[in-house]
>>> print(open('target-v5.txt').read())   # compact mmCIF, C-alpha atoms
# COMPACT_ATOMS: atom_id res chain seq x y z
CA MET A 1 -5.11 22.94 -5.18
CA GLY A 2 -2.15 20.81 -6.29
CA LEU A 3 -2.42 18.28 -9.10
CA ASP A 4 -1.43 14.80 -7.89
CA ILE A 5 0.50 12.35 -10.05
CA HIS A 6 -2.47 10.06 -10.72
CA THR A 7 -4.64 12.94 -12.00
CA ALA A 8 -1.77 14.42 -14.03
CA THR A 9 -1.13 11.18 -15.95
CA ILE A 10 -4.83 10.81 -16.79
CA THR A 11 -5.01 14.46 -17.92
CA ILE A 12 -1.98 14.04 -20.22
CA SER A 13 -3.50 10.85 -21.66
CA ILE A 14 -6.85 12.52 -22.43
CA MET A 15 -5.26 15.65 -23.94
CA SER A 16 -2.97 13.54 -26.13
CA LEU A 17 -5.94 11.48 -27.33
CA ILE A 18 -7.95 14.60 -28.21
CA ALA A 19 -4.99 16.14 -30.07
CA ALA A 20 -4.44 12.86 -31.98
CA ILE A 21 -8.06 12.76 -33.12
CA TYR A 22 -7.82 16.37 -34.30
CA PHE A 23 -4.58 15.71 -36.26
CA ILE A 24 -6.05 12.60 -37.91
CA TYR A 25 -9.09 14.61 -38.99
CA SER A 26 -6.92 17.47 -40.29
CA GLY A 27 -4.57 15.07 -42.09
CA ILE A 28 -7.41 13.29 -43.88
CA ARG A 29 -8.93 16.64 -44.90
CA SER A 30 -5.56 17.79 -46.26
CA ILE A 31 -5.10 14.60 -48.31
CA GLN A 32 -8.64 14.81 -49.67
CA SER A 33 -8.19 18.47 -50.66
CA ALA A 34 -4.98 17.56 -52.52
CA LYS A 35 -6.92 15.28 -54.88
CA GLY A 36 -8.96 18.22 -56.12
CA SER A 37 -5.93 20.36 -57.03
CA ILE A 38 -4.80 20.42 -60.66
CA PHE A 39 -1.33 21.66 -59.76
CA TYR A 40 1.15 18.92 -58.89
CA ARG A 41 3.23 21.01 -56.49
CA ILE A 42 0.22 22.15 -54.45
CA ARG A 43 -1.23 18.63 -54.51
CA HIS A 44 2.09 17.15 -53.36
CA GLU A 45 2.52 19.69 -50.54
CA ARG A 46 -1.00 19.03 -49.23
CA GLU A 47 -0.51 15.26 -49.33
CA VAL A 48 2.83 15.52 -47.48
CA ALA A 49 1.27 17.84 -44.89
CA GLY A 50 -1.66 15.47 -44.44
CA TRP A 51 0.54 12.41 -43.88
CA ARG A 52 2.70 14.36 -41.43
CA LEU A 53 -0.38 15.24 -39.40
CA ILE A 54 -1.43 11.57 -39.37
CA ALA A 55 2.07 10.51 -38.29
CA LEU A 56 1.99 13.07 -35.47
CA ALA A 57 -1.42 11.71 -34.45
CA VAL A 58 0.03 8.18 -34.20
CA VAL A 59 2.81 9.49 -31.94
CA LEU A 60 0.23 11.20 -29.72
CA LEU A 61 -1.85 8.01 -29.54
CA VAL A 62 1.23 6.10 -28.36
CA LEU A 63 1.96 8.86 -25.81
CA SER A 64 -1.65 8.71 -24.57
CA PHE A 65 -1.44 4.92 -24.13
CA ILE A 66 1.90 5.07 -22.30
CA SER A 67 0.75 7.92 -20.03
CA ARG A 68 -2.50 6.12 -19.09
CA PHE A 69 -1.12 2.67 -18.33
CA PHE A 70 2.60 3.17 -17.57
CA GLY A 71 3.02 6.86 -16.66
CA GLU A 72 2.30 6.62 -12.95
CA PRO A 73 4.54 3.58 -12.22
CA ILE A 74 7.40 5.20 -14.21
CA ILE A 75 7.08 8.45 -12.23
CA TYR A 76 7.10 6.58 -8.89
CA THR A 77 10.45 4.98 -9.80
CA VAL A 78 12.12 8.41 -9.65
CA TYR A 79 9.68 10.41 -7.51
CA GLU A 80 8.47 9.47 -4.04
CA PRO A 81 4.70 9.26 -3.38
CA SER A 82 3.13 12.48 -2.16
CA HIS A 83 3.45 13.25 1.57
CA VAL A 84 6.32 10.77 1.96
CA PRO A 85 8.72 12.16 4.63
CA THR A 86 12.32 13.13 3.81
CA SER A 87 13.65 9.85 5.14
CA SER A 88 12.14 7.27 2.83
CA PRO A 89 10.70 4.21 4.59
CA THR A 90 12.85 1.16 4.25
CA MET A 91 11.47 -2.12 2.99
CA THR A 92 10.44 -4.37 5.85
CA LEU A 93 11.40 -7.94 4.99
CA THR A 94 9.65 -11.04 6.21
CA PRO A 95 11.55 -12.15 9.30
CA THR A 96 13.44 -15.40 8.88
CA ILE A 97 13.82 -18.10 11.46
CA SER A 98 16.25 -16.92 14.11
CA LEU A 99 18.17 -19.58 15.98
CA THR A 100 19.43 -19.14 19.50
CA PRO A 101 23.07 -20.30 19.48
CA THR A 102 24.23 -22.70 22.13
CA ILE A 103 27.15 -21.80 24.36
CA SER A 104 30.31 -23.70 23.49
CA LEU A 105 32.49 -24.44 26.51
CA THR A 106 35.92 -25.96 26.48
CA PRO A 107 35.59 -29.02 28.76
CA THR A 108 38.41 -29.99 31.06
CA ILE A 109 37.20 -33.59 31.05
CA THR A 110 35.92 -35.32 27.94
CA LEU A 111 32.29 -36.13 28.67
CA THR A 112 29.26 -36.91 26.57
CA PRO A 113 26.72 -34.16 27.32
CA ALA A 114 23.55 -35.49 28.89
CA ILE A 115 21.35 -32.59 27.72
CA SER A 116 21.16 -31.20 24.18
CA TYR A 117 19.39 -27.89 23.58
CA THR A 118 17.14 -27.51 20.53
CA PRO A 119 16.45 -23.84 19.66
CA THR A 120 12.84 -22.80 19.07
CA PRO A 121 12.25 -21.12 15.65
CA THR A 122 10.49 -17.76 15.46
CA LYS A 123 7.12 -18.10 13.70
CA THR A 124 6.33 -15.99 10.63
CA PRO A 125 3.01 -14.13 11.04
CA PHE A 126 0.13 -15.67 9.08
CA ILE A 127 -3.54 -14.97 8.31
CA PRO A 128 -6.05 -17.25 10.12
CA MET A 129 -8.23 -19.48 7.94
CA SER A 130 -11.37 -17.69 9.16
CA ILE A 131 -10.13 -14.50 7.44
CA LEU A 132 -8.75 -16.26 4.34
CA ALA A 133 -12.19 -17.78 3.72
CA GLY A 134 -13.64 -14.28 3.38
CA PHE A 135 -11.19 -13.02 0.72
CA GLU A 136 -13.09 -11.22 -2.06
CA SER A 137 -10.39 -10.31 -4.60
CA SER A 138 -9.26 -12.53 -7.49
CA ILE A 139 -6.43 -10.17 -8.54
CA THR A 140 -2.89 -11.44 -8.00
CA PRO A 141 -1.10 -9.06 -5.58
CA ASN A 142 2.23 -7.46 -6.51
CA PRO A 143 5.02 -9.34 -4.64
CA ASP A 144 7.12 -6.14 -4.76
CA ALA A 145 4.59 -4.09 -2.76
CA VAL A 146 6.31 -2.37 0.20
CA PHE A 147 5.05 -0.80 3.44
CA SER A 148 6.85 1.44 5.90
CA PRO A 149 6.90 0.70 9.68
CA LEU A 150 3.60 1.69 11.29
CA GLU A 151 3.14 4.89 13.30
CA PHE A 152 0.41 4.99 15.98
CA SER A 153 -1.64 8.04 16.96
CA ASP A 154 -5.10 9.03 18.15
CA ARG A 155 -5.30 11.70 15.42
CA ILE A 156 -4.38 11.98 11.72
CA ALA A 157 -4.01 15.01 9.42
CA ASN A 158 -3.52 14.89 5.65
CA GLY A 159 -3.31 11.11 5.89
CA GLN A 160 -0.40 11.15 8.38
CA ALA A 161 -0.13 10.46 12.11
CA VAL A 162 -0.15 13.51 14.42
CA ASN A 163 2.40 13.18 17.25
CA PRO A 164 2.91 9.41 16.82
CA LYS A 165 3.69 7.41 19.95
CA THR A 166 4.05 3.85 21.19
CA LEU A 167 2.50 4.29 24.67
CA PHE A 168 -1.16 5.16 25.31
CA PHE A 169 -2.96 5.65 28.63
CA ASN A 170 -6.59 4.77 29.29
CA PRO A 171 -9.03 6.03 28.24
CA VAL A 172 -7.50 5.40 24.79
CA GLY A 173 -10.40 5.94 22.37
CA HIS A 174 -9.54 5.83 18.65
CA VAL A 175 -6.10 4.57 17.47
CA TYR A 176 -4.76 4.86 13.90
CA ALA A 177 -1.89 2.74 12.50
CA VAL A 178 -0.50 4.90 9.68
CA PHE A 179 1.91 3.76 6.93
CA SER A 180 3.33 4.79 3.58
CA TYR A 181 3.28 2.28 0.72
CA ASN A 182 4.24 1.71 -2.91
CA ASN A 183 3.78 -0.79 -5.77
CA MET A 184 0.23 -1.77 -4.73
CA ILE A 185 -2.23 -3.08 -7.37
CA PRO A 186 -5.76 -1.66 -7.01
CA GLY A 187 -8.25 -4.44 -6.32
CA SER A 188 -5.76 -6.86 -4.73
CA GLN A 189 -6.65 -8.22 -1.28
CA TRP A 190 -4.94 -6.72 1.77
CA THR A 191 -5.42 -7.39 5.45
CA ALA A 192 -4.66 -5.64 8.76
CA ILE A 193 -4.75 -7.74 11.96
CA TRP A 194 -4.73 -6.22 15.47
CA LEU A 195 -3.44 -8.42 18.29
CA HIS A 196 -3.49 -7.95 22.08
CA GLN A 197 -0.86 -10.02 23.86
CA GLY A 198 -0.75 -12.28 20.76
CA GLU A 199 -4.54 -12.76 20.56
CA MET A 200 -6.54 -11.26 17.65
CA VAL A 201 -8.99 -8.56 18.76
CA HIS A 202 -9.77 -6.83 15.44
CA TYR A 203 -9.11 -7.15 11.70
CA GLU A 204 -9.83 -5.48 8.36
CA SER A 205 -9.58 -7.38 5.04
CA ILE A 206 -10.82 -5.95 1.71
CA PRO A 207 -9.66 -5.41 -1.89
CA TRP A 208 -7.24 -2.48 -2.12
CA ASP A 209 -9.24 0.65 -3.03
CA GLY A 210 -6.31 3.09 -3.22
CA VAL A 211 -3.68 3.95 -5.83
CA GLU A 212 -0.20 2.45 -6.34
CA GLY A 213 1.66 4.63 -3.85
CA GLY A 214 0.95 7.10 -1.04
CA TRP A 215 -0.22 7.06 2.59
CA GLY A 216 -2.81 4.82 4.24
CA TYR A 217 -3.99 3.62 7.64
CA THR A 218 -5.92 0.96 9.51
CA ASP A 219 -7.76 1.99 12.67
CA TRP A 220 -9.68 0.62 15.66
CA GLU A 221 -12.16 2.33 17.97
CA PRO A 222 -13.68 -0.31 20.27
CA SER A 223 -15.81 0.20 23.36
CA PRO A 224 -13.70 1.84 26.13
CA GLU A 225 -13.70 -1.31 28.29
CA LEU A 226 -12.00 -3.31 25.49
CA TRP A 227 -8.78 -1.27 25.68
CA LEU A 228 -7.10 -3.67 28.08
CA PRO A 229 -3.59 -2.81 29.27
CA GLY A 230 -0.74 -4.65 27.58
CA THR A 231 1.05 -4.86 24.23
CA TYR A 232 -0.83 -4.45 20.94
CA THR A 233 0.65 -5.51 17.60
CA VAL A 234 -0.67 -4.60 14.14
CA GLN A 235 0.29 -6.82 11.19
CA ILE A 236 -0.14 -5.93 7.48
CA PHE A 237 -0.51 -8.57 4.73
CA VAL A 238 -0.87 -8.26 0.95
CA GLY A 239 -2.67 -11.34 -0.28
CA GLU A 240 -1.34 -14.01 2.09
CA VAL A 241 2.17 -12.48 2.23
CA PHE A 242 3.24 -10.79 5.48
CA LYS A 243 4.67 -7.29 4.92
CA VAL A 244 5.18 -5.43 8.22
CA GLU A 245 4.23 -5.35 11.89
CA SER A 246 4.66 -2.75 14.65
CA SER A 247 3.60 -2.59 18.30
CA PHE A 248 2.40 -0.14 20.93
CA SER A 249 1.42 -0.42 24.61
CA VAL A 250 -1.59 0.58 26.69
CA GLU A 251 -1.43 1.30 30.41
CA GLY A 252 -4.14 1.99 32.98
CA THR A 253 -7.52 0.49 33.81
CA PRO A 254 -10.01 0.81 30.93
CA GLU A 255 -13.18 2.84 31.37
CA GLY A 256 -16.25 0.84 32.34
CA SER A 257 -14.20 -2.05 33.73
CA ASN A 258 -15.80 -3.68 36.81
CA SER A 259 -12.97 -6.10 37.50
CA SER A 260 -9.27 -5.77 38.11
CA THR A 261 -8.73 -8.73 35.74
CA PRO A 262 -11.29 -8.25 32.96
CA THR A 263 -11.84 -10.92 30.36
CA ILE A 264 -10.87 -9.85 26.82
CA GLN A 265 -13.68 -9.64 24.27
CA VAL A 266 -12.71 -10.06 20.62
CA GLU A 267 -14.23 -7.47 18.29
CA LEU A 268 -13.82 -8.41 14.64
CA SER A 269 -14.64 -6.07 11.77
CA THR A 270 -14.23 -5.84 8.02
CA SER A 271 -14.73 -2.07 7.78
CA SER A 272 -12.92 -0.43 4.88
CA PRO A 273 -9.34 0.76 5.62
CA THR A 274 -8.44 4.16 4.17
CA VAL A 275 -5.62 5.01 1.75
CA THR A 276 -4.44 8.44 0.66
CA PRO A 277 -2.76 8.79 -2.71
>>> encode(input="target-v5.txt", output="structure tokens")
Amino acid sequence: MGLDIHTATITISIMSLIAAIYFIYSGIRSIQSAKGSIFYRIRHEREVAGWRLIALAVVLLVLSFISRFFGEPIIYTVYEPSHVPTSSPTMTLTPTISLTPTISLTPTITLTPAISYTPTPTKTPFIPMSILAGFESSITPNPDAVFSPLEFSDRIANGQAVNPKTLFFNPVGHVYAVFSYNNMIPGSQWTAIWLHQGEMVHYESIPWDGVEGGWGYTDWEPSPELWLPGTYTVQIFVGEVFKVESSFSVEGTPEGSNSSTPTIQVELSTSSPTVTP
């Protein structure tokens, strides 16, 4: 089995700490043994050797501290998280307000226009107050956390989507929204919201229980009759900050439907999303 980055940094930290303790013990023993020697040269050599061992132990203690608390973030700056595909996901920025430009015509007669068009701004996705009220984490999220565009599939393997697609046909069953991520802080609140035609049908919101970088997913497996045809959008938030959204479509009449125009039933959940380091 391969050794992942998180485990490797912890292993290095523990081994360095054990070696430092051993060198401190050996150094103290060497200095103490020097005091019992009547020969200056031997006493001096033992004292020098003892202090060198203690100095080496201090270096190992510093290495252990750096490896435990800073090793993994430093490695991720030069090495992509495990399982990340060859084409690294690009940062998805929060969409800004897009304005629809008005058409400028060159009038043949100077007239005061009777109608002025005011463009409608595009709304930035937000978390409803009903979900915000249930936030559990008190840890400040990392504003530099990034997520790749979502890939949708009815199966996953090794934390990744199998044959991802954007069109599903009823009966749909279980759908996974898979993403890669980086710069996450364990314990910070994150939220995944599932929308059907703009209306929320499912959500997950818990403290982040994964590592700083890797693969993760949010999923939904409602009753068959709840997979209504139309467009579904999944939005990801870290804290209250919107990170990414992607969409897929469902076609066909859902199983168990007794009406050609069924009424949507909202199924809300706070089940734990899964992350793969």
>>> atom_distance(input="target-v5.txt", atom1="CA of Gly214 (chain A)", atom2="CA of Ile139 (chain A)")
20.2 Å
>>> residues_around(input="target-v5.txt", residues="Asn163 (chain A)", least_positions_apart="2", cutoff="9 Å", atoms="all atoms listed in the file", output="PDB file with C-alpha atoms, in the coordinates of the input")
ATOM      1  CA  PHE A 152       0.410   4.990  15.980  1.00  0.00           C
ATOM      2  CA  SER A 153      -1.640   8.040  16.960  1.00  0.00           C
ATOM      3  CA  ASP A 154      -5.100   9.030  18.150  1.00  0.00           C
ATOM      4  CA  ARG A 155      -5.300  11.700  15.420  1.00  0.00           C
ATOM      5  CA  ILE A 156      -4.380  11.980  11.720  1.00  0.00           C
ATOM      6  CA  ALA A 161      -0.130  10.460  12.110  1.00  0.00           C
ATOM      7  CA  LYS A 165       3.690   7.410  19.950  1.00  0.00           C
TER       8      LYS A 165
END
>>> closest_residue(input="target-v5.txt", among="A:Trp208, A:Gly36, A:Ile42, A:Phe248", to="Tyr176 (chain A)", atoms="only C-alpha atoms")
A:Phe248
>>> residues_around(input="target-v5.txt", residues="Phe69 (chain A)", least_positions_apart="6", cutoff="12 Å", atoms="all atoms listed in the file", output="PyMOL selection string")
chain A and resi 6+9-10+12-13+62-63+75
>>> residues_around(input="target-v5.txt", residues="Gln160 (chain A)", least_positions_apart="6", cutoff="9 Å", atoms="only C-alpha atoms", output="PyMOL selection string")
chain A and resi 83+151+178-180+215-217
>>> residues_around(input="target-v5.txt", residues="Met184 (chain A)", least_positions_apart="4", cutoff="12 Å", atoms="all atoms listed in the file", output="ChimeraX atom specification")
/A:72-73,76,81,139-147,180,188-190,207-216,237-239,243,275,277
>>> write_last_selection(input="target-v5.txt", atoms="C-alpha atoms", output="JSON list (two decimals), in the frame of the given file")
[["chain", "number", "residue", "atom", "x", "y", "z"],
["A", 72, "GLU", "CA", 2.30, 6.62, -12.95],
["A", 73, "PRO", "CA", 4.54, 3.58, -12.22],
["A", 76, "TYR", "CA", 7.10, 6.58, -8.89],
["A", 81, "PRO", "CA", 4.70, 9.26, -3.38],
["A", 139, "ILE", "CA", -6.43, -10.17, -8.54],
["A", 140, "THR", "CA", -2.89, -11.44, -8.00],
["A", 141, "PRO", "CA", -1.10, -9.06, -5.58],
["A", 142, "ASN", "CA", 2.23, -7.46, -6.51],
["A", 143, "PRO", "CA", 5.02, -9.34, -4.64],
["A", 144, "ASP", "CA", 7.12, -6.14, -4.76],
["A", 145, "ALA", "CA", 4.59, -4.09, -2.76],
["A", 146, "VAL", "CA", 6.31, -2.37, 0.20],
["A", 147, "PHE", "CA", 5.05, -0.80, 3.44],
["A", 180, "SER", "CA", 3.33, 4.79, 3.58],
["A", 188, "SER", "CA", -5.76, -6.86, -4.73],
["A", 189, "GLN", "CA", -6.65, -8.22, -1.28],
["A", 190, "TRP", "CA", -4.94, -6.72, 1.77],
["A", 207, "PRO", "CA", -9.66, -5.41, -1.89],
["A", 208, "TRP", "CA", -7.24, -2.48, -2.12],
["A", 209, "ASP", "CA", -9.24, 0.65, -3.03],
["A", 210, "GLY", "CA", -6.31, 3.09, -3.22],
["A", 211, "VAL", "CA", -3.68, 3.95, -5.83],
["A", 212, "GLU", "CA", -0.20, 2.45, -6.34],
["A", 213, "GLY", "CA", 1.66, 4.63, -3.85],
["A", 214, "GLY", "CA", 0.95, 7.10, -1.04],
["A", 215, "TRP", "CA", -0.22, 7.06, 2.59],
["A", 216, "GLY", "CA", -2.81, 4.82, 4.24],
["A", 237, "PHE", "CA", -0.51, -8.57, 4.73],
["A", 238, "VAL", "CA", -0.87, -8.26, 0.95],
["A", 239, "GLY", "CA", -2.67, -11.34, -0.28],
["A", 243, "LYS", "CA", 4.67, -7.29, 4.92],
["A", 275, "VAL", "CA", -5.62, 5.01, 1.75],
["A", 277, "PRO", "CA", -2.76, 8.79, -2.71]]
